[in-house]
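Q: Provided below: target28.cif, containing mmCIF, C-alpha atoms (C1' of nucleotides).
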data_protein
loop_
_atom_site.group_PDB
_atom_site.id
_atom_site.type_symbol
_atom_site.label_atom_id
_atom_site.label_comp_id
_atom_site.auth_asym_id
_atom_site.auth_seq_id
_atom_site.Cartn_x
_atom_site.Cartn_y
_atom_site.Cartn_z
ATOM 1 C CA MET A 1 65.653 107.044 86.843
ATOM 2 C CA ILE A 2 67.589 108.742 89.648
ATOM 3 C CA VAL A 3 68.479 112.293 90.652
ATOM 4 C CA LEU A 4 71.817 113.405 92.068
ATOM 5 C CA ASP A 5 72.065 115.572 95.162
ATOM 6 C CA TYR A 6 74.774 118.183 94.709
ATOM 7 C CA ARG A 7 74.805 119.018 98.423
ATOM 8 C CA ASP A 8 75.887 115.443 99.108
ATOM 9 C CA LYS A 9 79.623 115.439 99.814
ATOM 10 C CA ARG A 10 80.141 111.788 98.842
ATOM 11 C CA PRO A 11 81.643 110.950 95.437
ATOM 12 C CA ILE A 12 79.131 110.712 92.596
ATOM 13 C CA TYR A 13 79.711 107.020 91.906
ATOM 14 C CA GLU A 14 78.902 106.253 95.544
ATOM 15 C CA GLN A 15 75.680 108.223 95.343
ATOM 16 C CA VAL A 16 74.684 106.354 92.190
ATOM 17 C CA VAL A 17 75.420 103.019 93.877
ATOM 18 C CA ASP A 18 73.339 104.031 96.873
ATOM 19 C CA LYS A 19 70.324 105.200 94.906
ATOM 20 C CA LEU A 20 70.261 102.259 92.502
ATOM 21 C CA GLU A 21 70.698 99.845 95.387
ATOM 22 C CA ARG A 22 67.666 101.376 97.066
ATOM 23 C CA LEU A 23 65.608 101.026 93.889
ATOM 24 C CA ILE A 24 66.547 97.360 93.595
ATOM 25 C CA VAL A 25 66.089 96.492 97.268
ATOM 26 C CA GLY A 26 62.844 98.437 97.342
ATOM 27 C CA GLY A 27 61.513 96.383 94.449
ATOM 28 C CA ALA A 28 61.192 99.275 91.981
ATOM 29 C CA LEU A 29 63.472 97.444 89.546
ATOM 30 C CA GLU A 30 62.482 93.874 88.807
ATOM 31 C CA GLN A 31 64.797 90.935 88.277
ATOM 32 C CA ASP A 32 66.359 90.939 84.799
ATOM 33 C CA PHE A 33 65.386 94.557 84.215
ATOM 34 C CA LYS A 34 67.816 96.009 81.674
ATOM 35 C CA MET A 35 69.724 98.873 83.231
ATOM 36 C CA PRO A 36 70.466 101.937 81.108
ATOM 37 C CA SER A 37 73.859 101.807 79.414
ATOM 38 C CA VAL A 38 76.745 103.569 81.077
ATOM 39 C CA ARG A 39 76.698 106.077 78.227
ATOM 40 C CA SER A 40 72.983 106.877 78.373
ATOM 41 C CA LEU A 41 72.817 107.130 82.156
ATOM 42 C CA GLY A 42 75.949 109.271 82.024
ATOM 43 C CA MET A 43 74.189 111.596 79.581
ATOM 44 C CA GLU A 44 71.030 111.688 81.702
ATOM 45 C CA LEU A 45 72.937 112.646 84.851
ATOM 46 C CA SER A 46 75.439 114.912 83.050
ATOM 47 C CA VAL A 47 78.201 112.699 84.304
ATOM 48 C CA ASN A 48 81.051 110.864 82.613
ATOM 49 C CA PRO A 49 80.346 107.263 81.517
ATOM 50 C CA ASN A 50 83.427 106.157 83.462
ATOM 51 C CA THR A 51 81.780 107.320 86.672
ATOM 52 C CA ILE A 52 78.667 105.268 85.900
ATOM 53 C CA GLN A 53 80.807 102.288 85.034
ATOM 54 C CA ARG A 54 82.480 102.517 88.392
ATOM 55 C CA ALA A 55 79.089 102.462 90.092
ATOM 56 C CA TYR A 56 77.915 99.503 87.995
ATOM 57 C CA ASN A 57 81.099 97.603 88.810
ATOM 58 C CA GLN A 58 80.509 98.011 92.524
ATOM 59 C CA LEU A 59 76.850 97.034 92.197
ATOM 60 C CA GLU A 60 77.880 93.920 90.287
ATOM 61 C CA GLN A 61 80.446 93.074 92.957
ATOM 62 C CA GLU A 62 77.740 93.323 95.628
ATOM 63 C CA GLY A 63 75.453 91.030 93.642
ATOM 64 C CA TYR A 64 72.838 93.596 92.548
ATOM 65 C CA LEU A 65 73.647 93.468 88.825
ATOM 66 C CA TYR A 66 74.897 90.937 86.309
ATOM 67 C CA THR A 67 76.417 91.737 82.952
ATOM 68 C CA VAL A 68 76.175 90.120 79.535
ATOM 69 C CA SER A 69 79.011 91.172 77.267
ATOM 70 C CA GLY A 70 77.737 93.244 74.382
ATOM 71 C CA ARG A 71 74.145 93.273 75.683
ATOM 72 C CA GLY A 72 74.199 95.302 78.851
ATOM 73 C CA SER A 73 73.771 95.174 82.634
ATOM 74 C CA PHE A 74 70.706 93.669 84.280
ATOM 75 C CA VAL A 75 69.169 93.469 87.747
ATOM 76 C CA ALA A 76 70.256 90.248 89.460
ATOM 77 C CA PRO A 77 67.813 87.910 91.218
ATOM 78 C CA GLU A 78 67.126 88.765 94.850
ATOM 79 C CA SER A 79 68.811 85.559 96.011
ATOM 80 C CA GLU A 80 72.128 86.990 94.803
ATOM 81 C CA TRP A 81 72.136 89.945 97.180
ATOM 82 C CA ARG A 82 69.488 89.457 99.891
ATOM 83 C CA ASP A 83 71.578 87.579 102.452
ATOM 84 C CA GLY A 84 74.660 89.748 102.024
ATOM 85 C CA LYS A 85 72.599 92.913 102.285
ATOM 86 C CA LYS A 86 70.808 91.746 105.429
ATOM 87 C CA HIS A 87 74.073 90.697 107.018
ATOM 88 C CA ARG A 88 75.845 93.984 106.271
ATOM 89 C CA MET A 89 72.892 96.015 107.490
ATOM 90 C CA LEU A 90 72.633 94.052 110.744
ATOM 91 C CA GLU A 91 76.339 94.563 111.459
ATOM 92 C CA GLU A 92 76.033 98.298 110.811
ATOM 93 C CA TRP A 93 72.883 98.511 112.914
ATOM 94 C CA LYS A 94 74.578 96.797 115.852
ATOM 95 C CA LEU A 95 77.502 99.244 115.740
ATOM 96 C CA VAL A 96 75.236 102.290 115.647
ATOM 97 C CA THR A 97 73.014 100.873 118.382
ATOM 98 C CA GLN A 98 76.057 100.291 120.570
ATOM 99 C CA SER A 99 77.120 103.915 120.032
ATOM 100 C CA ALA A 100 73.590 105.076 120.771
ATOM 101 C CA ARG A 101 73.699 103.225 124.072
ATOM 102 C CA GLU A 102 77.034 104.800 124.950
ATOM 103 C CA ALA A 103 75.596 108.231 124.133
ATOM 104 C CA GLY A 104 72.934 107.752 126.778
ATOM 105 C CA LEU A 105 69.978 106.473 124.777
ATOM 106 C CA THR A 106 68.026 103.946 126.843
ATOM 107 C CA ARG A 107 66.639 100.597 125.807
ATOM 108 C CA GLU A 108 63.118 101.917 126.345
ATOM 109 C CA GLU A 109 63.686 104.951 124.113
ATOM 110 C CA LEU A 110 65.028 102.804 121.298
ATOM 111 C CA VAL A 111 62.271 100.205 121.577
ATOM 112 C CA ARG A 112 59.735 103.007 121.374
ATOM 113 C CA GLU A 113 61.372 104.396 118.222
ATOM 114 C CA LEU A 114 61.525 100.868 116.815
ATOM 115 C CA GLU A 115 57.792 100.440 117.257
ATOM 116 C CA GLY A 116 57.222 103.692 115.422
ATOM 117 C CA ILE A 117 59.426 102.704 112.501
ATOM 118 C CA PHE A 118 57.786 99.279 112.165
ATOM 119 C CA GLU A 119 54.276 100.618 112.731
ATOM 120 C CA GLY A 120 51.814 98.825 110.500
ATOM 121 C CA VAL A 121 54.474 96.810 108.749
ATOM 122 C CA LYS A 122 54.033 93.095 108.412
ATOM 123 C CA SER A 123 57.397 91.517 109.195
ATOM 124 C CA MET B 1 96.355 108.543 124.829
ATOM 125 C CA ILE B 2 95.054 107.247 121.479
ATOM 126 C CA VAL B 3 96.324 105.038 118.670
ATOM 127 C CA LEU B 4 95.728 105.647 114.962
ATOM 128 C CA ASP B 5 94.509 102.890 112.657
ATOM 129 C CA TYR B 6 96.314 103.125 109.342
ATOM 130 C CA ARG B 7 93.802 100.781 107.665
ATOM 131 C CA ASP B 8 91.107 103.351 108.361
ATOM 132 C CA LYS B 9 90.397 105.240 105.151
ATOM 133 C CA ARG B 10 89.007 108.324 106.898
ATOM 134 C CA PRO B 11 91.195 111.442 107.227
ATOM 135 C CA ILE B 12 93.426 111.486 110.287
ATOM 136 C CA TYR B 13 91.783 114.501 111.906
ATOM 137 C CA GLU B 14 88.416 112.701 111.730
ATOM 138 C CA GLN B 15 89.871 109.618 113.386
ATOM 139 C CA VAL B 16 91.338 111.762 116.151
ATOM 140 C CA VAL B 17 87.977 113.479 116.684
ATOM 141 C CA ASP B 18 86.231 110.120 116.845
ATOM 142 C CA LYS B 19 88.614 108.547 119.324
ATOM 143 C CA LEU B 20 88.819 111.542 121.641
ATOM 144 C CA GLU B 21 85.040 111.918 121.552
ATOM 145 C CA ARG B 22 84.722 108.293 122.638
ATOM 146 C CA LEU B 23 87.137 108.851 125.509
ATOM 147 C CA ILE B 24 85.173 111.866 126.698
ATOM 148 C CA VAL B 25 81.715 110.328 126.277
ATOM 149 C CA GLY B 26 82.947 107.117 127.894
ATOM 150 C CA GLY B 27 84.087 109.052 130.943
ATOM 151 C CA ALA B 28 87.787 108.259 130.552
ATOM 152 C CA LEU B 29 88.581 111.975 130.470
ATOM 153 C CA GLU B 30 87.104 114.001 133.296
ATOM 154 C CA GLN B 31 85.699 117.473 133.096
ATOM 155 C CA ASP B 32 88.435 120.156 132.987
ATOM 156 C CA PHE B 33 91.111 117.570 132.166
ATOM 157 C CA LYS B 34 93.923 119.360 130.343
ATOM 158 C CA MET B 35 94.290 117.911 126.860
ATOM 159 C CA PRO B 36 97.798 117.482 125.435
ATOM 160 C CA SER B 37 98.947 120.449 123.365
ATOM 161 C CA VAL B 38 98.534 120.246 119.610
ATOM 162 C CA ARG B 39 102.325 120.029 119.363
ATOM 163 C CA SER B 40 102.819 117.220 121.873
ATOM 164 C CA LEU B 41 99.934 115.091 120.617
ATOM 165 C CA GLY B 42 101.195 115.663 117.079
ATOM 166 C CA MET B 43 104.600 114.367 118.152
ATOM 167 C CA GLU B 44 103.049 111.370 119.922
ATOM 168 C CA LEU B 45 101.029 110.351 116.869
ATOM 169 C CA SER B 46 103.731 111.297 114.334
ATOM 170 C CA VAL B 47 101.324 113.754 112.803
ATOM 171 C CA ASN B 48 101.486 117.444 112.000
ATOM 172 C CA PRO B 49 100.272 119.839 114.744
ATOM 173 C CA ASN B 50 97.942 121.428 112.195
ATOM 174 C CA THR B 51 96.090 118.134 111.844
ATOM 175 C CA ILE B 52 95.615 117.944 115.618
ATOM 176 C CA GLN B 53 94.473 121.530 115.689
ATOM 177 C CA ARG B 54 91.834 120.733 113.115
ATOM 178 C CA ALA B 55 90.572 117.891 115.292
ATOM 179 C CA TYR B 56 90.552 120.098 118.407
ATOM 180 C CA ASN B 57 88.639 122.796 116.538
ATOM 181 C CA GLN B 58 85.907 120.354 115.577
ATOM 182 C CA LEU B 59 85.735 118.940 119.100
ATOM 183 C CA GLU B 60 85.391 122.469 120.463
ATOM 184 C CA GLN B 61 82.634 123.221 117.955
ATOM 185 C CA GLU B 62 80.730 120.140 119.108
ATOM 186 C CA GLY B 63 81.071 121.179 122.734
ATOM 187 C CA TYR B 64 83.559 118.537 123.911
ATOM 188 C CA LEU B 65 86.448 120.927 124.551
ATOM 189 C CA TYR B 66 86.935 124.509 125.640
ATOM 190 C CA THR B 67 90.033 126.577 125.141
ATOM 191 C CA VAL B 68 91.829 129.155 127.268
ATOM 192 C CA SER B 69 94.193 131.287 125.228
ATOM 193 C CA GLY B 70 97.800 130.649 126.170
ATOM 194 C CA ARG B 71 96.891 127.865 128.598
ATOM 195 C CA GLY B 72 95.522 125.042 126.533
ATOM 196 C CA SER B 73 92.432 122.985 125.684
ATOM 197 C CA PHE B 74 90.325 121.300 128.332
ATOM 198 C CA VAL B 75 87.477 118.793 128.507
ATOM 199 C CA ALA B 76 84.155 120.618 128.688
ATOM 200 C CA PRO B 77 81.431 119.757 131.219
ATOM 201 C CA GLU B 78 79.052 117.015 130.155
ATOM 202 C CA SER B 79 76.158 119.472 130.001
ATOM 203 C CA GLU B 80 77.848 121.153 127.045
ATOM 204 C CA TRP B 81 77.697 118.128 124.762
ATOM 205 C CA ARG B 82 75.332 115.501 126.196
ATOM 206 C CA ASP B 83 72.068 116.685 124.630
ATOM 207 C CA GLY B 84 73.581 117.384 121.223
ATOM 208 C CA LYS B 85 75.319 114.034 121.208
ATOM 209 C CA LYS B 86 72.146 112.166 122.165
ATOM 210 C CA HIS B 87 70.150 113.985 119.530
ATOM 211 C CA ARG B 88 72.649 113.338 116.733
ATOM 212 C CA MET B 89 72.959 109.671 117.693
ATOM 213 C CA LEU B 90 69.193 109.176 117.776
ATOM 214 C CA GLU B 91 68.810 110.689 114.310
ATOM 215 C CA GLU B 92 71.577 108.454 112.924
ATOM 216 C CA TRP B 93 70.080 105.424 114.655
ATOM 217 C CA LYS B 94 66.650 106.081 113.136
ATOM 218 C CA LEU B 95 68.110 106.303 109.627
ATOM 219 C CA VAL B 96 70.055 103.062 110.006
ATOM 220 C CA THR B 97 67.070 101.301 111.551
ATOM 221 C CA GLN B 98 64.886 102.410 108.654
ATOM 222 C CA SER B 99 67.456 101.017 106.212
ATOM 223 C CA ALA B 100 67.653 97.806 108.217
ATOM 224 C CA ARG B 101 63.900 97.409 107.940
ATOM 225 C CA GLU B 102 64.045 97.964 104.177
ATOM 226 C CA ALA B 103 66.791 95.339 103.936
ATOM 227 C CA GLY B 104 64.436 92.758 105.412
ATOM 228 C CA LEU B 105 65.386 92.796 109.094
ATOM 229 C CA THR B 106 62.285 92.208 111.209
ATOM 230 C CA ARG B 107 61.151 94.018 114.326
ATOM 231 C CA GLU B 108 61.607 90.818 116.301
ATOM 232 C CA GLU B 109 65.202 90.345 115.114
ATOM 233 C CA LEU B 110 66.134 93.903 116.028
ATOM 234 C CA VAL B 111 64.436 93.766 119.435
ATOM 235 C CA ARG B 112 66.348 90.564 120.153
ATOM 236 C CA GLU B 113 69.660 92.235 119.216
ATOM 237 C CA LEU B 114 68.687 95.249 121.283
ATOM 238 C CA GLU B 115 68.175 93.084 124.356
ATOM 239 C CA GLY B 116 71.597 91.569 123.807
ATOM 240 C CA ILE B 117 73.299 94.950 123.514
ATOM 241 C CA PHE B 118 71.591 96.314 126.638
ATOM 242 C CA GLU B 119 72.054 93.094 128.591
ATOM 243 C CA GLY B 120 72.852 93.854 132.199
ATOM 244 C CA VAL B 121 73.004 97.606 131.642
ATOM 245 C CA LYS B 122 71.112 99.871 133.969
ATOM 246 C CA SER B 123 69.458 102.498 131.783
ATOM 247 C "C1'" DC C 1 77.537 91.707 56.230
ATOM 248 C "C1'" DT C 2 77.254 96.354 58.298
ATOM 249 C "C1'" DA C 3 76.310 99.716 61.564
ATOM 250 C "C1'" DA C 4 74.949 100.882 65.977
ATOM 251 C "C1'" DG C 5 74.945 99.931 70.721
ATOM 252 C "C1'" DT C 6 76.861 97.410 74.559
ATOM 253 C "C1'" DG C 7 80.623 96.681 78.432
ATOM 254 C "C1'" DT C 8 85.413 97.282 79.228
ATOM 255 C "C1'" DA C 9 90.075 99.215 79.442
ATOM 256 C "C1'" DT C 10 93.643 102.743 79.131
ATOM 257 C "C1'" DT C 11 95.916 107.180 79.438
ATOM 258 C "C1'" DA C 12 96.179 112.016 80.472
ATOM 259 C "C1'" DA C 13 94.656 115.976 82.734
ATOM 260 C "C1'" DG C 14 92.296 118.897 86.209
ATOM 261 C "C1'" DC C 15 90.255 119.520 90.677
ATOM 262 C "C1'" DT C 16 89.561 119.086 95.602
ATOM 263 C "C1'" DA C 17 90.572 117.534 100.188
ATOM 264 C "C1'" DC C 18 93.983 116.022 103.292
ATOM 265 C "C1'" DT C 19 98.450 116.527 105.047
ATOM 266 C "C1'" DT C 20 102.918 118.282 105.857
ATOM 267 C "C1'" DA C 21 106.197 122.017 106.589
ATOM 268 C "C1'" DA C 22 107.849 126.363 108.035
ATOM 269 C "C1'" DT C 23 106.805 130.495 110.166
ATOM 270 C "C1'" DA C 24 104.732 134.044 112.895
ATOM 271 C "C1'" DC C 25 101.912 136.216 116.604
ATOM 272 C "C1'" DA C 26 99.497 136.914 121.120
ATOM 273 C "C1'" DC C 27 98.775 134.945 125.304
ATOM 274 C "C1'" DT C 28 99.986 132.663 130.043
ATOM 275 C "C1'" DT C 29 103.034 130.791 133.351
ATOM 276 C "C1'" DA C 30 107.247 129.378 135.812
ATOM 277 C "C1'" DT D 1 112.479 136.655 130.381
ATOM 278 C "C1'" DA D 2 111.949 132.154 128.413
ATOM 279 C "C1'" DA D 3 109.132 128.366 127.491
ATOM 280 C "C1'" DG D 4 104.762 126.600 126.379
ATOM 281 C "C1'" DT D 5 100.101 127.434 124.813
ATOM 282 C "C1'" DG D 6 96.414 128.190 120.823
ATOM 283 C "C1'" DT D 7 95.987 130.307 116.423
ATOM 284 C "C1'" DA D 8 96.822 131.782 111.672
ATOM 285 C "C1'" DT D 9 99.030 131.866 107.181
ATOM 286 C "C1'" DT D 10 101.326 130.310 103.030
ATOM 287 C "C1'" DA D 11 103.357 126.859 100.139
ATOM 288 C "C1'" DA D 12 103.956 122.332 98.580
ATOM 289 C "C1'" DG D 13 103.044 117.361 98.030
ATOM 290 C "C1'" DT D 14 99.805 113.383 97.798
ATOM 291 C "C1'" DA D 15 95.724 110.741 96.833
ATOM 292 C "C1'" DG D 16 91.096 110.169 95.213
ATOM 293 C "C1'" DC D 17 87.431 111.657 92.204
ATOM 294 C "C1'" DT D 18 86.130 113.143 87.756
ATOM 295 C "C1'" DT D 19 86.406 114.283 83.055
ATOM 296 C "C1'" DA D 20 87.950 113.519 78.346
ATOM 297 C "C1'" DA D 21 89.376 111.005 74.428
ATOM 298 C "C1'" DT D 22 90.204 106.711 72.577
ATOM 299 C "C1'" DA D 23 90.197 101.867 71.542
ATOM 300 C "C1'" DC D 24 88.637 96.981 71.499
ATOM 301 C "C1'" DA D 25 85.497 92.899 71.525
ATOM 302 C "C1'" DC D 26 80.991 91.646 71.696
ATOM 303 C "C1'" DT D 27 75.771 91.474 70.356
ATOM 304 C "C1'" DT D 28 71.884 92.875 67.775
ATOM 305 C "C1'" DA D 29 68.934 95.246 64.381
ATOM 306 C "C1'" DG D 30 68.794 96.309 59.605
#
Have the structure of the file written as structure tokens, please.

A:
Amino acid sequence: MIVLDYRDKRPIYEQVVDKLERLIVGGALEQDFKMPSVRSLGMELSVNPNTIQRAYNQLEQEGYLYTVSGRGSFVAPESEWRDGKKHRMLEEWKLVTQSAREAGLTREELVRELEGIFEGVKS
Amino acid sequence: MIVLDYRDKRPIYEQVVDKLERLIVGGALEQDFKMPSVRSLGMELSVNPNTIQRAYNQLEQEGYLYTVSGRGSFVAPESEWRDGKKHRMLEEWKLVTQSAREAGLTREELVRELEGIFEGVKS
DNA sequence: CTAAGTGTATTAAGCTACTTAATACACTTA
DNA sequence: TAAGTGTATTAAGTAGCTTAATACACTTAG
């Protein structure tokens, strides 16, 4: 399902959150998809189940997963996380863009990069 | 000179690097300005001199400071850090923009924010 | 009903990074 | 010469991450 990057200096649970979040946002995991159990994903990644649980807890808190006691964790409907995700990303993007401006990047340079990133994407 | 934010979860030396870098990039500290000694800045921030030294070392590695043995640390000329800073910021900005696109932000939304951020700025 | 699988919680231990503390040394300057 | 500078080292404490070993309540397949 996912692969850990041992060169990444962030804690494992944070990496797991990041990668699963990308799978969900990217549409690779459909709504109501049953996530692997904390024990099985722990086995698969050679990581303690507690570490996976910590990742699942954070994903649930951010609206990406919901849990049914005794049954497992499942992918939440997009409506649960879409707005929050967009809002957080926009705030982060504004901060980085502000720093980019202060570092000397011009409006024209950034617009040009923007066009490249959105090239051929219906938005 | 700077103020620490105790709510910030990052290590102190990283905060010091970040704040001093902003002062230098923002032009608040001129070229060849003599930085406070690791001991005096440590006193001022109620922090160990070793922690300040660690921050100074990183700033020197990134080209923001230069050191004269026995005299002190000084702000390096802009030519030493400007290109590297611009390059690192552009790479970070591209990653965040890519993530923003994947989160559902549109080109039009981002261009609009961009105009706001660069409003009235000669670039 | 029973057993297996699920999330959840707790406690203890080890590891790493950050930080402090106490020195020490070589250098420059007043 | 004395004070101030960067630099280096060693030891200790703290906090966060991770592992390990359990335990409990729940659901589901048999």

Q: Counting all atoms listed in the file, which residue out of B:Ile52, B:Val25, B:Leu105, B:Leu114 sits closest to chain D?

A: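 Result for the nearest residue to chain D: B:Ile52.
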
Q: Assuming the chain letters and numbering stay as they are in my file, what does the PyMOL selection byres ((chain B) within 10 of (chain C)) actually select? List them as JSON, numbers by chain.

A: {"B": [10, 11, 12, 13, 47, 48, 49, 50, 51, 68, 69, 70, 71, 72]}

Q: In Å to one decimal, how far is CA of Leu4 in chain B from CA of Leu65 in chain B?

A: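 Separation between CA of Leu65 in chain B and CA of Leu4 in chain B: 20.3 Å.
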
Q: Got a sec to resolve the PyMOL selection byres ((chain D) within 12 of (chain B)) on this structure and send the residues as a PDB file with C-alpha atoms (C1' of nucleotides), in the coordinates of the input?

A:
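Resulting contents of result24.pdb:
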ATOM      1  C1'  DA D   3     109.132 128.366 127.491  1.00  0.00           C
ATOM      2  C1'  DG D   4     104.762 126.600 126.379  1.00  0.00           C
ATOM      3  C1'  DT D   5     100.101 127.434 124.813  1.00  0.00           C
ATOM      4  C1'  DG D   6      96.414 128.190 120.823  1.00  0.00           C
ATOM      5  C1'  DT D   7      95.987 130.307 116.423  1.00  0.00           C
ATOM      6  C1'  DA D   8      96.822 131.782 111.672  1.00  0.00           C
ATOM      7  C1'  DT D   9      99.030 131.866 107.181  1.00  0.00           C
ATOM      8  C1'  DA D  15      95.724 110.741  96.833  1.00  0.00           C
ATOM      9  C1'  DG D  16      91.096 110.169  95.213  1.00  0.00           C
TER      10       DG D  16
END

Q: On this structure, which residues satisfy the PyMOL selection byres ((chain B) within 6 of (chain A)), written as a PyMOL selection string?

A: chain B and resi 86+89+100+103+106+123

Q: Could I get chain A fitted onto chain B (least squares, all C-alpha atoms, in order) as a compact mmCIF listing (two decimals) with C-alpha atoms, in the coordinates of the input?

A:
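So superposed07.txt came out as:
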# COMPACT_ATOMS: atom_id res chain seq x y z
CA MET A 1 96.37 108.55 124.84
CA ILE A 2 95.05 107.25 121.52
CA VAL A 3 96.31 105.04 118.70
CA LEU A 4 95.71 105.64 115.00
CA ASP A 5 94.50 102.89 112.70
CA TYR A 6 96.32 103.08 109.38
CA ARG A 7 93.82 100.75 107.70
CA ASP A 8 91.11 103.32 108.39
CA LYS A 9 90.41 105.21 105.17
CA ARG A 10 89.01 108.30 106.89
CA PRO A 11 91.20 111.41 107.24
CA ILE A 12 93.43 111.46 110.31
CA TYR A 13 91.78 114.48 111.92
CA GLU A 14 88.43 112.69 111.74
CA GLN A 15 89.87 109.61 113.40
CA VAL A 16 91.33 111.75 116.18
CA VAL A 17 87.97 113.47 116.69
CA ASP A 18 86.24 110.11 116.86
CA LYS A 19 88.62 108.54 119.35
CA LEU A 20 88.81 111.55 121.66
CA GLU A 21 85.05 111.91 121.56
CA ARG A 22 84.71 108.31 122.66
CA LEU A 23 87.13 108.86 125.54
CA ILE A 24 85.16 111.89 126.71
CA VAL A 25 81.71 110.35 126.29
CA GLY A 26 82.92 107.15 127.90
CA GLY A 27 84.07 109.07 130.95
CA ALA A 28 87.78 108.27 130.58
CA LEU A 29 88.58 111.99 130.48
CA GLU A 30 87.09 114.02 133.30
CA GLN A 31 85.69 117.52 133.08
CA ASP A 32 88.44 120.17 132.99
CA PHE A 33 91.09 117.58 132.15
CA LYS A 34 93.91 119.37 130.33
CA MET A 35 94.28 117.93 126.86
CA PRO A 36 97.78 117.48 125.44
CA SER A 37 98.95 120.43 123.35
CA VAL A 38 98.55 120.22 119.61
CA ARG A 39 102.33 120.01 119.34
CA SER A 40 102.82 117.21 121.87
CA LEU A 41 99.93 115.09 120.62
CA GLY A 42 101.20 115.67 117.09
CA MET A 43 104.60 114.35 118.15
CA GLU A 44 103.06 111.36 119.93
CA LEU A 45 101.03 110.34 116.88
CA SER A 46 103.73 111.29 114.35
CA VAL A 47 101.32 113.73 112.82
CA ASN A 48 101.49 117.42 112.01
CA PRO A 49 100.26 119.82 114.74
CA ASN A 50 97.93 121.40 112.18
CA THR A 51 96.10 118.10 111.85
CA ILE A 52 95.61 117.92 115.62
CA GLN A 53 94.46 121.51 115.68
CA ARG A 54 91.84 120.71 113.11
CA ALA A 55 90.56 117.88 115.29
CA TYR A 56 90.53 120.08 118.40
CA ASN A 57 88.64 122.79 116.53
CA GLN A 58 85.91 120.35 115.56
CA LEU A 59 85.73 118.94 119.09
CA GLU A 60 85.38 122.47 120.45
CA GLN A 61 82.64 123.22 117.93
CA GLU A 62 80.73 120.13 119.09
CA GLY A 63 81.05 121.19 122.72
CA TYR A 64 83.55 118.54 123.90
CA LEU A 65 86.44 120.94 124.55
CA TYR A 66 86.92 124.53 125.65
CA THR A 67 90.04 126.58 125.15
CA VAL A 68 91.84 129.15 127.28
CA SER A 69 94.19 131.29 125.24
CA GLY A 70 97.78 130.64 126.18
CA ARG A 71 96.88 127.83 128.61
CA GLY A 72 95.53 125.02 126.51
CA SER A 73 92.43 122.99 125.66
CA PHE A 74 90.32 121.29 128.32
CA VAL A 75 87.47 118.79 128.49
CA ALA A 76 84.14 120.64 128.66
CA PRO A 77 81.43 119.79 131.20
CA GLU A 78 79.03 117.05 130.12
CA SER A 79 76.14 119.51 129.98
CA GLU A 80 77.84 121.19 127.01
CA TRP A 81 77.68 118.15 124.74
CA ARG A 82 75.31 115.54 126.21
CA ASP A 83 72.06 116.72 124.62
CA GLY A 84 73.58 117.40 121.21
CA LYS A 85 75.32 114.04 121.20
CA LYS A 86 72.16 112.16 122.17
CA HIS A 87 70.14 113.99 119.55
CA ARG A 88 72.63 113.34 116.74
CA MET A 89 72.96 109.69 117.69
CA LEU A 90 69.19 109.17 117.80
CA GLU A 91 68.78 110.71 114.34
CA GLU A 92 71.53 108.49 112.93
CA TRP A 93 70.08 105.43 114.65
CA LYS A 94 66.64 106.08 113.17
CA LEU A 95 68.07 106.34 109.65
CA VAL A 96 70.03 103.10 109.98
CA THR A 97 67.07 101.32 111.55
CA GLN A 98 64.86 102.43 108.68
CA SER A 99 67.40 101.04 106.20
CA ALA A 100 67.62 97.83 108.20
CA ARG A 101 63.86 97.44 107.94
CA GLU A 102 63.97 98.01 104.20
CA ALA A 103 66.72 95.38 103.91
CA GLY A 104 64.40 92.79 105.40
CA LEU A 105 65.35 92.82 109.07
CA THR A 106 62.26 92.23 111.21
CA ARG A 107 61.16 94.03 114.33
CA GLU A 108 61.64 90.83 116.32
CA GLU A 109 65.21 90.35 115.09
CA LEU A 110 66.15 93.89 116.02
CA VAL A 111 64.49 93.75 119.43
CA ARG A 112 66.40 90.56 120.13
CA GLU A 113 69.70 92.21 119.17
CA LEU A 114 68.74 95.23 121.28
CA GLU A 115 68.26 93.05 124.33
CA GLY A 116 71.68 91.56 123.78
CA ILE A 117 73.37 94.94 123.48
CA PHE A 118 71.67 96.29 126.61
CA GLU A 119 72.13 93.07 128.56
CA GLY A 120 72.95 93.83 132.17
CA VAL A 121 73.07 97.55 131.63
CA LYS A 122 71.16 99.81 133.94
CA SER A 123 69.47 102.43 131.77

Q: Between CA of Ile2 in chain A and CA of Val16 in chain A, what is the spacing in Å?

A: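 Between CA of Val16 in chain A and CA of Ile2 in chain A the gap is 7.9 Å.
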
Q: Would you give the centre and edge lengths, in Å to one decimal, of a box along x, y and z around the listed atoms of range 21-26 of chain B, with 3 Å added to each side, as lines of an AutoDock Vina configuration file?

A:
center_x = 84.4
center_y = 109.5
center_z = 124.7
size_x = 11.4
size_y = 10.8
size_z = 12.3

Q: May I ask for the distance between CA of Glu21 in chain A and CA of Gly42 in chain A, given in Å to one decimal place?

A: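 Those two atoms sit 17.2 Å apart.
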